[in-house]
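Student: Provided herewith: work.cif, mmCIF, C-alpha atoms and all ligand atoms.
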```cif
data_protein
loop_
_atom_site.label_atom_id
_atom_site.label_comp_id
_atom_site.auth_asym_id
_atom_site.auth_seq_id
_atom_site.Cartn_x
_atom_site.Cartn_y
_atom_site.Cartn_z
CA MET A 1 -18.83 -7.66 19.73
CA ALA A 2 -19.52 -6.73 16.09
CA GLU A 3 -17.59 -8.54 13.39
CA VAL A 4 -15.41 -6.77 10.84
CA LEU A 5 -14.71 -8.31 7.45
CA VAL A 6 -11.12 -8.22 6.25
CA TYR A 7 -10.43 -8.98 2.59
CA VAL A 8 -7.34 -11.17 2.36
CA ASP A 9 -4.70 -10.31 -0.24
CA HIS A 10 -2.61 -13.45 -0.70
CA VAL A 11 -0.48 -15.21 -3.28
CA ASP A 12 -1.21 -18.96 -3.33
CA GLY A 13 -1.93 -18.94 0.41
CA ALA A 14 0.92 -16.61 1.47
CA VAL A 15 -0.78 -13.65 3.14
CA ARG A 16 0.63 -10.27 2.16
CA LYS A 17 1.66 -7.85 4.89
CA PRO A 18 -1.03 -5.18 4.26
CA THR A 19 -3.69 -7.75 5.17
CA LEU A 20 -1.98 -8.47 8.51
CA GLU A 21 -1.95 -4.70 9.13
CA LEU A 22 -5.69 -4.61 8.43
CA LEU A 23 -6.21 -7.25 11.11
CA THR A 24 -4.49 -4.99 13.65
CA LEU A 25 -6.84 -2.13 12.71
CA ALA A 26 -9.91 -4.39 12.53
CA ARG A 27 -9.38 -5.44 16.16
CA ARG A 28 -9.85 -1.82 17.21
CA ILE A 29 -13.40 -1.82 15.89
CA GLY A 30 -14.57 -5.39 16.33
CA GLU A 31 -13.76 -9.07 15.80
CA PRO A 32 -11.92 -9.68 12.53
CA VAL A 33 -13.45 -12.20 10.14
CA ALA A 34 -11.18 -12.81 7.15
CA VAL A 35 -12.38 -13.56 3.63
CA ALA A 36 -9.83 -15.54 1.58
CA LEU A 37 -10.56 -16.44 -2.03
CA GLY A 38 -8.97 -18.49 -4.79
CA ALA A 39 -6.15 -21.04 -4.89
CA GLY A 40 -4.54 -21.51 -1.48
CA ALA A 41 -7.35 -19.73 0.37
CA GLU A 42 -7.44 -22.34 3.14
CA SER A 43 -3.68 -22.18 3.63
CA THR A 44 -4.02 -18.55 4.71
CA ALA A 45 -5.86 -19.58 7.89
CA ALA A 46 -2.85 -20.20 10.15
CA ALA A 47 -1.29 -16.78 9.51
CA LEU A 48 -4.64 -15.04 9.82
CA ALA A 49 -5.44 -16.81 13.10
CA GLU A 50 -2.05 -15.76 14.51
CA HIS A 51 -3.00 -12.16 13.85
CA GLY A 52 -6.48 -12.11 15.31
CA ALA A 53 -8.92 -13.57 12.76
CA THR A 54 -11.67 -15.31 14.69
CA ARG A 55 -13.05 -16.90 11.53
CA VAL A 56 -11.70 -17.38 8.02
CA LEU A 57 -14.33 -17.62 5.29
CA THR A 58 -12.89 -19.33 2.22
CA HIS A 59 -13.98 -20.06 -1.32
CA ASP A 60 -11.95 -21.41 -4.20
CA ALA A 61 -12.98 -21.33 -7.85
CA SER A 62 -11.09 -20.87 -11.10
CA GLU A 63 -13.06 -17.66 -11.77
CA TYR A 64 -10.89 -15.76 -9.26
CA ALA A 65 -7.78 -16.36 -11.34
CA ASP A 66 -9.35 -16.32 -14.77
CA TYR A 67 -11.39 -13.11 -14.64
CA LEU A 68 -10.95 -9.56 -13.39
CA VAL A 69 -12.31 -8.43 -10.04
CA VAL A 70 -16.06 -9.13 -10.31
CA PRO A 71 -15.96 -12.72 -8.91
CA LYS A 72 -14.20 -11.32 -5.84
CA VAL A 73 -16.85 -8.64 -5.47
CA ASP A 74 -19.54 -11.34 -5.71
CA ALA A 75 -17.81 -13.28 -2.92
CA LEU A 76 -17.42 -10.26 -0.66
CA GLN A 77 -21.06 -9.36 -1.20
CA ALA A 78 -22.00 -12.90 -0.13
CA ALA A 79 -19.79 -12.51 2.95
CA VAL A 80 -21.45 -9.20 3.86
CA ALA A 81 -24.87 -10.86 3.58
CA ALA A 82 -23.73 -13.80 5.73
CA VAL A 83 -21.95 -11.84 8.46
CA SER A 84 -23.67 -8.39 8.60
CA PRO A 85 -20.33 -6.86 9.59
CA ALA A 86 -19.71 -3.48 11.22
CA ALA A 87 -17.30 -2.66 8.38
CA VAL A 88 -15.42 -4.17 5.45
CA LEU A 89 -11.68 -3.47 5.26
CA VAL A 90 -9.74 -3.89 2.02
CA PRO A 91 -6.04 -3.17 1.32
CA SER A 92 -5.58 0.01 -0.76
CA SER A 93 -3.96 -1.62 -3.78
CA ALA A 94 -5.20 -0.78 -7.28
CA GLU A 95 -7.19 -4.03 -7.27
CA GLY A 96 -8.35 -3.54 -3.68
CA LYS A 97 -9.76 -0.12 -4.45
CA GLU A 98 -11.64 -1.42 -7.46
CA ILE A 99 -13.10 -4.29 -5.44
CA ALA A 100 -14.08 -1.91 -2.62
CA ALA A 101 -15.71 0.62 -4.94
CA ARG A 102 -17.74 -2.03 -6.73
CA LEU A 103 -18.75 -3.63 -3.43
CA ALA A 104 -19.89 -0.32 -1.93
CA LEU A 105 -22.01 0.33 -5.00
CA ARG A 106 -23.53 -3.15 -4.84
CA ILE A 107 -24.49 -2.95 -1.18
CA GLY A 108 -25.50 0.73 -1.30
CA SER A 109 -22.86 1.83 1.19
CA GLY A 110 -20.51 4.74 1.55
CA ILE A 111 -16.80 4.17 1.00
CA ILE A 112 -13.62 5.70 2.35
CA THR A 113 -10.44 5.08 0.34
CA ASP A 114 -6.78 5.34 1.29
CA ALA A 115 -7.32 5.59 5.05
CA VAL A 116 -4.09 5.86 7.04
CA ASP A 117 -5.65 5.14 10.44
CA LEU A 118 -8.83 3.74 11.89
CA GLU A 119 -10.48 4.03 15.29
CA ALA A 120 -13.77 3.06 16.87
CA GLY A 121 -16.40 5.81 17.06
CA ASP A 122 -19.83 6.09 18.69
CA GLU A 123 -21.53 5.98 15.30
CA GLY A 124 -19.18 3.59 13.52
CA PRO A 125 -15.51 3.38 12.56
CA VAL A 126 -13.71 6.68 12.04
CA ALA A 127 -11.05 6.74 9.31
CA THR A 128 -8.18 9.19 8.97
CA GLN A 129 -7.17 10.23 5.47
CA SER A 130 -4.33 12.40 4.31
CA VAL A 131 -5.65 14.78 1.63
CA PHE A 132 -4.62 17.63 -0.71
CA ALA A 133 -1.11 16.31 -1.22
CA ALA A 134 -1.00 15.47 2.49
CA SER A 135 -1.52 19.11 3.53
CA PHE A 136 -4.46 18.07 5.73
CA SER A 137 -5.58 15.08 7.75
CA THR A 138 -9.31 14.48 7.77
CA LYS A 139 -11.38 12.17 9.93
CA SER A 140 -14.57 10.78 8.44
CA ARG A 141 -17.08 8.02 8.88
CA VAL A 142 -19.49 6.36 6.52
CA SER A 143 -23.04 7.46 7.26
CA LYS A 144 -24.88 5.10 4.91
CA GLY A 145 -24.85 1.32 4.95
CA THR A 146 -21.96 -0.97 5.93
CA PRO A 147 -18.75 1.10 5.85
CA VAL A 148 -16.32 -0.06 3.16
CA ILE A 149 -12.83 1.23 3.91
CA THR A 150 -9.58 0.76 2.02
CA VAL A 151 -6.41 1.23 4.06
CA LYS A 152 -2.98 2.17 2.73
CA PRO A 153 -0.10 -0.24 3.38
CA ASN A 154 2.10 0.59 6.39
CA SER A 155 -0.76 2.36 8.21
CA ALA A 156 -0.49 0.06 11.23
CA ALA A 157 2.05 -2.26 12.78
CA VAL A 158 1.51 -5.98 12.33
CA GLU A 159 0.71 -7.38 15.78
CA ALA A 160 0.39 -11.02 16.76
CA ALA A 161 -2.90 -11.75 18.52
CA PRO A 162 -3.73 -15.46 18.50
CA ALA A 163 -7.38 -16.23 17.74
CA ALA A 164 -9.46 -19.23 16.69
CA GLY A 165 -9.24 -18.67 12.93
CA ALA A 166 -11.89 -21.31 12.28
CA VAL A 167 -12.08 -22.09 8.57
CA GLU A 168 -15.62 -21.96 7.16
CA ALA A 169 -16.74 -22.40 3.57
CA LEU A 170 -18.34 -19.31 2.09
CA ALA A 171 -21.26 -19.98 -0.26
CA VAL A 172 -20.81 -17.87 -3.40
CA THR A 173 -23.04 -17.62 -6.47
CA PHE A 174 -21.32 -15.73 -9.25
CA SER A 175 -23.22 -12.94 -10.98
CA ALA A 176 -23.75 -12.73 -14.73
CA GLN A 177 -20.99 -10.08 -14.91
CA ALA A 178 -18.44 -12.31 -13.14
CA THR A 179 -17.13 -13.77 -16.39
CA GLY A 180 -17.39 -10.54 -18.39
CA THR A 181 -13.66 -9.84 -18.62
CA LYS A 182 -11.32 -12.78 -19.05
CA ILE A 183 -7.62 -12.58 -18.25
CA THR A 184 -5.88 -13.79 -21.40
CA GLY A 185 -2.28 -13.79 -20.19
CA ARG A 186 0.04 -12.84 -17.36
CA THR A 187 3.60 -11.63 -17.71
CA PRO A 188 5.43 -11.72 -14.39
CA ARG A 189 7.72 -8.77 -13.82
CA GLU A 190 11.37 -9.64 -13.45
CA SER A 191 12.05 -9.84 -9.75
CA THR A 192 14.63 -7.46 -8.31
CA GLY A 193 14.59 -9.26 -4.97
CA ARG A 194 13.53 -5.98 -3.36
CA PRO A 195 10.27 -5.44 -1.48
CA GLU A 196 7.21 -4.14 -3.32
CA LEU A 197 7.35 -0.34 -3.41
CA THR A 198 3.99 0.35 -1.78
CA GLU A 199 4.52 -2.24 0.95
CA ALA A 200 8.16 -1.60 1.81
CA ALA A 201 9.06 -0.42 5.30
CA ILE A 202 11.91 1.62 3.79
CA VAL A 203 11.99 3.39 0.42
CA VAL A 204 15.12 4.94 -1.07
CA SER A 205 14.33 7.26 -3.99
CA GLY A 206 16.32 9.08 -6.62
CA GLY A 207 15.46 12.16 -8.67
CA ARG A 208 16.93 14.35 -11.38
CA GLY A 209 19.97 14.92 -9.18
CA VAL A 210 21.00 11.29 -9.80
CA ASN A 211 21.85 12.50 -13.29
CA GLY A 212 21.57 9.35 -15.39
CA ALA A 213 20.34 5.76 -15.44
CA GLU A 214 23.87 4.51 -14.85
CA ASN A 215 24.01 6.32 -11.49
CA PHE A 216 20.85 4.67 -10.13
CA GLY A 217 23.18 1.86 -9.03
CA LEU A 218 24.13 4.14 -6.10
CA ILE A 219 20.48 4.42 -5.07
CA GLU A 220 19.98 0.66 -5.45
CA ALA A 221 23.09 -0.07 -3.37
CA LEU A 222 21.81 2.13 -0.53
CA ALA A 223 18.37 0.50 -0.83
CA ASP A 224 19.90 -2.98 -0.69
CA SER A 225 21.97 -2.14 2.38
CA LEU A 226 18.67 -1.33 4.13
CA GLY A 227 16.46 -4.03 2.57
CA ALA A 228 14.49 -1.20 0.98
CA ALA A 229 12.48 -0.64 -2.19
CA VAL A 230 13.69 1.84 -4.81
CA GLY A 231 11.54 4.81 -5.81
CA ALA A 232 12.04 7.56 -8.37
CA SER A 233 10.73 11.04 -9.07
CA ARG A 234 8.87 11.71 -12.28
CA ALA A 235 11.81 13.67 -13.63
CA ALA A 236 13.98 10.56 -13.32
CA VAL A 237 11.28 8.35 -14.83
CA ASP A 238 10.54 10.73 -17.71
CA ALA A 239 14.25 10.85 -18.49
CA GLY A 240 14.13 7.05 -18.87
CA TRP A 241 16.50 6.44 -15.97
CA TYR A 242 14.12 4.25 -13.96
CA PRO A 243 10.85 2.38 -14.72
CA HIS A 244 7.50 4.09 -14.30
CA THR A 245 6.41 1.29 -11.93
CA ASN A 246 8.83 2.84 -9.41
CA GLN A 247 7.54 6.43 -9.72
CA VAL A 248 6.42 7.98 -6.45
CA GLY A 249 3.91 10.80 -6.49
CA GLN A 250 0.62 12.09 -7.76
CA THR A 251 0.85 10.22 -11.07
CA GLY A 252 2.92 7.40 -9.62
CA LYS A 253 2.57 5.31 -6.49
CA SER A 254 1.67 6.48 -3.07
CA VAL A 255 3.96 5.17 -0.34
CA SER A 256 3.85 5.47 3.41
CA PRO A 257 6.95 3.67 4.72
CA GLN A 258 8.59 3.94 8.12
CA LEU A 259 11.57 5.62 6.43
CA TYR A 260 11.75 7.51 3.10
CA ILE A 261 15.14 8.68 1.83
CA ALA A 262 14.93 11.20 -1.04
CA ASN A 263 18.15 11.71 -3.00
CA GLY A 264 18.47 14.56 -5.49
CA ILE A 265 14.74 15.25 -5.33
CA SER A 266 13.55 18.86 -4.99
CA GLY A 267 10.25 18.06 -3.23
CA ALA A 268 7.69 19.28 -5.79
CA ILE A 269 4.10 19.13 -4.56
CA GLN A 270 3.33 16.27 -6.98
CA HIS A 271 6.18 14.20 -5.52
CA ARG A 272 5.20 15.04 -1.94
CA ALA A 273 1.66 13.82 -2.68
CA GLY A 274 3.03 10.30 -2.91
CA MET A 275 5.38 10.20 0.09
CA GLN A 276 4.47 12.86 2.62
CA THR A 277 2.77 10.40 4.99
CA SER A 278 6.07 8.51 5.43
CA LYS A 279 6.84 8.25 9.15
CA THR A 280 10.44 9.51 8.94
CA ILE A 281 11.71 11.47 5.94
CA VAL A 282 15.39 11.99 5.12
CA ALA A 283 16.66 14.05 2.17
CA VAL A 284 20.05 14.43 0.56
CA ASN A 285 20.19 17.52 -1.64
CA LYS A 286 23.00 19.90 -2.53
CA ASP A 287 20.64 22.90 -2.50
CA ALA A 288 19.93 24.02 1.08
CA GLU A 289 16.87 25.92 -0.22
CA ALA A 290 15.25 22.86 -1.85
CA PRO A 291 11.58 22.60 -0.75
CA ILE A 292 12.08 18.98 0.31
CA PHE A 293 13.89 20.31 3.39
CA ASP A 294 10.59 21.86 4.59
CA LEU A 295 9.19 18.42 5.33
CA VAL A 296 12.17 16.30 6.34
CA ASP A 297 12.95 14.91 9.75
CA TYR A 298 16.64 14.77 8.83
CA GLY A 299 18.29 16.63 5.98
CA VAL A 300 21.79 16.38 4.54
CA VAL A 301 22.91 19.37 2.45
CA GLY A 302 25.49 17.79 0.21
CA ASP A 303 26.31 16.12 -3.06
CA LEU A 304 24.59 12.75 -3.25
CA PHE A 305 27.59 11.32 -5.09
CA ASP A 306 29.61 11.89 -1.90
CA VAL A 307 26.92 11.25 0.69
CA VAL A 308 25.09 8.17 -0.64
CA PRO A 309 28.14 5.87 -1.03
CA GLN A 310 29.39 6.85 2.44
CA LEU A 311 25.96 6.18 3.92
CA THR A 312 25.82 2.78 2.19
CA GLU A 313 29.27 1.81 3.47
CA GLU A 314 28.42 2.93 7.00
CA ILE A 315 25.16 0.97 7.05
CA LYS A 316 26.94 -2.15 5.77
CA THR A 317 29.35 -2.04 8.71
CA ARG A 318 26.51 -2.19 11.25
P1 LIG B 401 14.06 18.55 -9.83
O1 LIG B 401 12.90 19.33 -9.40
O2 LIG B 401 14.81 19.02 -11.03
O3 LIG B 401 15.03 18.48 -8.59
C1 LIG B 401 16.31 17.89 -8.63
C2 LIG B 401 16.95 18.17 -7.28
O4 LIG B 401 18.18 17.48 -7.23
C3 LIG B 401 17.24 19.65 -7.03
O5 LIG B 401 16.66 20.03 -5.80
C4 LIG B 401 18.77 19.71 -6.97
O6 LIG B 401 19.23 20.63 -6.00
C5 LIG B 401 19.11 18.29 -6.55
N1 LIG B 401 20.44 17.87 -7.01
C6 LIG B 401 21.01 18.00 -8.23
N2 LIG B 401 22.22 17.42 -8.25
C7 LIG B 401 22.43 16.92 -7.01
C8 LIG B 401 23.51 16.22 -6.42
N3 LIG B 401 24.60 15.87 -7.11
N4 LIG B 401 23.39 15.88 -5.11
C9 LIG B 401 22.30 16.21 -4.39
N5 LIG B 401 21.25 16.88 -4.92
C10 LIG B 401 21.31 17.22 -6.21
N6 LIG B 401 6.73 14.30 -9.91
C11 LIG B 401 6.92 13.19 -9.19
O7 LIG B 401 8.01 12.97 -8.63
N7 LIG B 401 5.94 12.24 -9.09
C12 LIG B 401 4.75 12.39 -9.69
O8 LIG B 401 3.91 11.49 -9.60
C13 LIG B 401 4.50 13.58 -10.44
N8 LIG B 401 3.30 13.80 -11.01
C14 LIG B 401 3.10 14.99 -11.66
C15 LIG B 401 1.81 15.27 -12.19
C16 LIG B 401 1.58 16.46 -12.82
C17 LIG B 401 0.21 16.73 -13.36
C18 LIG B 401 2.62 17.40 -12.97
C19 LIG B 401 2.38 18.71 -13.66
C20 LIG B 401 3.88 17.14 -12.46
C21 LIG B 401 4.14 15.93 -11.82
N9 LIG B 401 5.39 15.64 -11.30
C22 LIG B 401 5.55 14.52 -10.54
C23 LIG B 401 6.57 16.47 -11.61
C24 LIG B 401 6.94 17.42 -10.50
O9 LIG B 401 6.26 18.64 -10.68
C25 LIG B 401 8.45 17.70 -10.57
O10 LIG B 401 8.78 18.17 -11.84
C26 LIG B 401 9.32 16.48 -10.27
O11 LIG B 401 8.90 15.87 -9.07
C27 LIG B 401 10.77 16.92 -10.14
O12 LIG B 401 11.57 15.81 -9.94
P2 LIG B 401 12.96 15.98 -9.19
O13 LIG B 401 12.74 16.50 -7.83
O14 LIG B 401 13.69 14.71 -9.36
O15 LIG B 401 13.71 17.03 -10.11
#
```
Let's see the structure in the file written out as structure tokens.
Ligand code: FAD
Tutor:
Amino acid sequence: MAEVLVYVDHVDGAVRKPTLELLTLARRIGEPVAVALGAGAESTAAALAEHGATRVLTHDASEYADYLVVPKVDALQAAVAAVSPAAVLVPSSAEGKEIAARLALRIGSGIITDAVDLEAGDEGPVATQSVFAASFSTKSRVSKGTPVITVKPNSAAVEAAPAAGAVEALAVTFSAQATGTKITGRTPRESTGRPELTEAAIVVSGGRGVNGAENFGLIEALADSLGAAVGASRAAVDAGWYPHTNQVGQTGKSVSPQLYIANGISGAIQHRAGMQTSKTIVAVNKDAEAPIFDLVDYGVVGDLFDVVPQLTEEIKTR
């Protein structure tokens, strides 16, 4: 069976969920071979093996932490040369997409970004994308070279599938460009204790209807009762009520959670572009004609200041 390279997104050896989702998808098209780089790379092996990685190629060097993405591209290129995989899968984070684009250029391959599903095809893996503000689903495959595919978080369930996960050292020679852009400092964002917006299984968002930064506490309380991330519409962000890092939409983040709860959000096309692939969509809006109700699975016509606290209390009792 052909091997499929999976780029491992991890923090000091702790594998992030989107990578485990990639392993589920990789198993549909071949045998997953994981590539883990940087500090803690070897410690990723146990989790990767539990989720189907037959081999884990590792390489640690200070360049991965000290410079922007090129060292990682060098390493993935070396892995492609060593394995001749049927495809390379990379999580669709901002960094993942940059790595994937640079890799595809290096190896002369086609690339598909932001896939939401993946299946085996007669002529190579077939990726599903959600395009034009999620108005259409397209299926496509790469017709040139080794397919490089980035996959959005929450596109597949994480499934345990024990495999060998044999750790092997990857031989990497860094290119001249590897040390071209040095990272001069890192400022960790203050942790809210909530899941990362793009990876969260549940997202609770607030829009202009929340009517002030001080009222976002209601949205956060509902989010916390569900273990969810908090999102915001651009109107709420532009008003300074919530940080831009939490904006969902065309000029914000794209999310695809199991459950998306929109509160006081009208459902403008630019907002829909960032959340329409959510599996279940719930909206609370006092205007029964709001466009958001065209795409919801469940809609509550009502004042969010009445509905949201009641919902939070009810969830807390369960
Ligand atoms: P509104 O459209 O004003 O809707 C507020 C809603 O709240 C209304 O439906 C109202 O009925 C409801 N409401 C009011 N009070 C209550 C209450 N008490 N209880 C319940 N409901 C209530 N927008 C994004 O969100 N993300 C983007 O990334 C983005 N990118 C953009 C890019 C471009 C190039 C452009 C031109 C626009 C972009 N926008 C984006 C803006 C977008 O067009 C909308 O203006 C924005 O999404 C509106 O935000 P909203 O739904 O919160 O506000």
Student: Under the rule of at most 6 Å, produce a per-residue listing of chain A near ligand LIG 401 (chain B): chain, number, name, the closest pair of atoms, and the distance in Å, as CSV, using only C-alpha atoms and all ligand atoms.
Tutor:
```
residue,atom,partner,partner_atom,distance
A:Gly207,CA,B:LIG401,O14,3.2
A:Arg208,CA,B:LIG401,O14,3.8
A:Gly209,CA,B:LIG401,C6,3.4
A:Ser233,CA,B:LIG401,O7,3.4
A:Arg234,CA,B:LIG401,C11,3.9
A:Ala235,CA,B:LIG401,O12,4.3
A:Ala236,CA,B:LIG401,O14,5.7
A:Val248,CA,B:LIG401,N7,5.0
A:Gly249,CA,B:LIG401,O8,3.2
A:Gln250,CA,B:LIG401,O8,3.8
A:Thr251,CA,B:LIG401,O8,3.6
A:Gly252,CA,B:LIG401,O8,4.2
A:Gly264,CA,B:LIG401,O4,3.4
A:Ile265,CA,B:LIG401,O13,3.4
A:Ser266,CA,B:LIG401,O5,3.4
A:Gly267,CA,B:LIG401,O13,5.5
A:Ala268,CA,B:LIG401,O11,4.9
A:Gln270,CA,B:LIG401,C13,4.5
A:His271,CA,B:LIG401,O7,3.8
A:Val284,CA,B:LIG401,C9,5.7
A:Asn285,CA,B:LIG401,N5,3.5
A:Lys286,CA,B:LIG401,C9,4.2
A:Asp287,CA,B:LIG401,O6,4.4
A:Ala290,CA,B:LIG401,O5,5.1
A:Gly302,CA,B:LIG401,C9,5.8
A:Asp303,CA,B:LIG401,N4,3.6
A:Leu304,CA,B:LIG401,N4,3.8
A:Phe305,CA,B:LIG401,N3,5.8
```
Student: Using all atoms listed in the file, determine which residues lie at most 7 Å from A:Leu68, disregarding the query and same-chain residues fewer than 6 positions distant; provide the list as a count of residues only.
Tutor: 3
Student: Could you tell me which of A:Ser137, A:Thr280, A:Asn263, A:Thr150 comes closest to A:Ile202 if we count all atoms listed in the file?
Tutor: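 Closest residue, counting all atoms listed in the file: A:Thr280.
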Student: Between atom CA of A:Ser109 and atom CA of A:Thr173, what is the spacing in Å?
Tutor: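 So the answer is 20.9 Å.
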Student: Which one of A:Phe174, A:Tyr7, A:Tyr242, A:Phe136 sits closest to A:Ile219 if you count all atoms listed in the file?
Tutor: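 Going through A:Phe174, A:Tyr7, A:Tyr242, A:Phe136 one by one, the smallest distance to A:Ile219 is for A:Tyr242.
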Student: Mind giving me the straight-line distance from atom CA of A:Gln310 to atom CA of A:Ala239 in Å, one decimal?
Tutor: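 Distance between the two atoms: 26.1 Å.
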Student: To one decimal place in Å, what is the distance between atom CA of A:Ala161 and atom CA of A:Ala78?
Tutor: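 We find that atom CA of A:Ala161 and atom CA of A:Ala78 lie 26.7 Å from each other.
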Student: Just checking: using all atoms listed in the file, which residue out of A:Thr187, A:Ser225, A:Thr198, A:Gln77 ends up closest to A:Arg16?
Tutor: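 Ranked by minimum distance to A:Arg16, first place goes to A:Thr198.
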Student: Can you tell me which residues surround A:Pro125 at a distance of at most 7 Å, considering all atoms listed in the file, apart from same-chain residues fewer than 6 positions away, and format the answer as a list in words?
Tutor: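 Near A:Pro125, the qualifying residues are Ile29, Leu118, Glu119 and Arg141 of chain A.
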Student: Do a neighbour search on A:Thr128 at 8 Å with all atoms listed in the file, toss out local chain neighbours closer than 2 positions, and write the hits as a short mmCIF file (atom, residue, chain, number, x, y, z; two decimals) with C-alpha atoms, in the frame of the given file.
Tutor:
```cif
data_model
loop_
_atom_site.label_atom_id
_atom_site.label_comp_id
_atom_site.auth_asym_id
_atom_site.auth_seq_id
_atom_site.Cartn_x
_atom_site.Cartn_y
_atom_site.Cartn_z
CA ALA A 115 -7.32 5.59 5.05
CA VAL A 116 -4.09 5.86 7.04
CA ASP A 117 -5.65 5.14 10.44
CA LEU A 118 -8.83 3.74 11.89
CA VAL A 126 -13.71 6.68 12.04
CA SER A 130 -4.33 12.40 4.31
CA SER A 137 -5.58 15.08 7.75
CA THR A 138 -9.31 14.48 7.77
CA LYS A 139 -11.38 12.17 9.93
CA SER A 140 -14.57 10.78 8.44
#
```
Student: When you count all atoms listed in the file, which of these residues is closest to A:Ala229: A:Glu313, A:Glu199, A:Glu31, A:Glu190?
Tutor: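 The closest residue to A:Ala229 is A:Glu199.
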Student: I need the residue nearest A:Val80 from this list: A:Glu220, A:Asp297, A:Glu3, A:Asp122. Use only C-alpha atoms for the distance.
Tutor: A:Glu3
Student: Excluding same-chain residues fewer than 6 positions from A:Ala163, what lies within 6 Å of it counting only C-alpha atoms, as a VMD selection string?
Tutor: chain A and resid 49 52 to 54
Student: Of the residues A:Asp114, A:Asp306, A:Asp294, A:Glu42, which is the one nearest to A:Ser256, using all atoms listed in the file?
Tutor: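 So, comparing all the options, the nearest one is A:Asp114.
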Student: I'd like the contact shell of A:Gly108 - 12 Å cut-off, all atoms listed in the file, skipping same-chain residues fewer than 5 positions apart - returned as a PyMOL selection string.
Tutor: chain A and resi 77+80+100-103+142-148
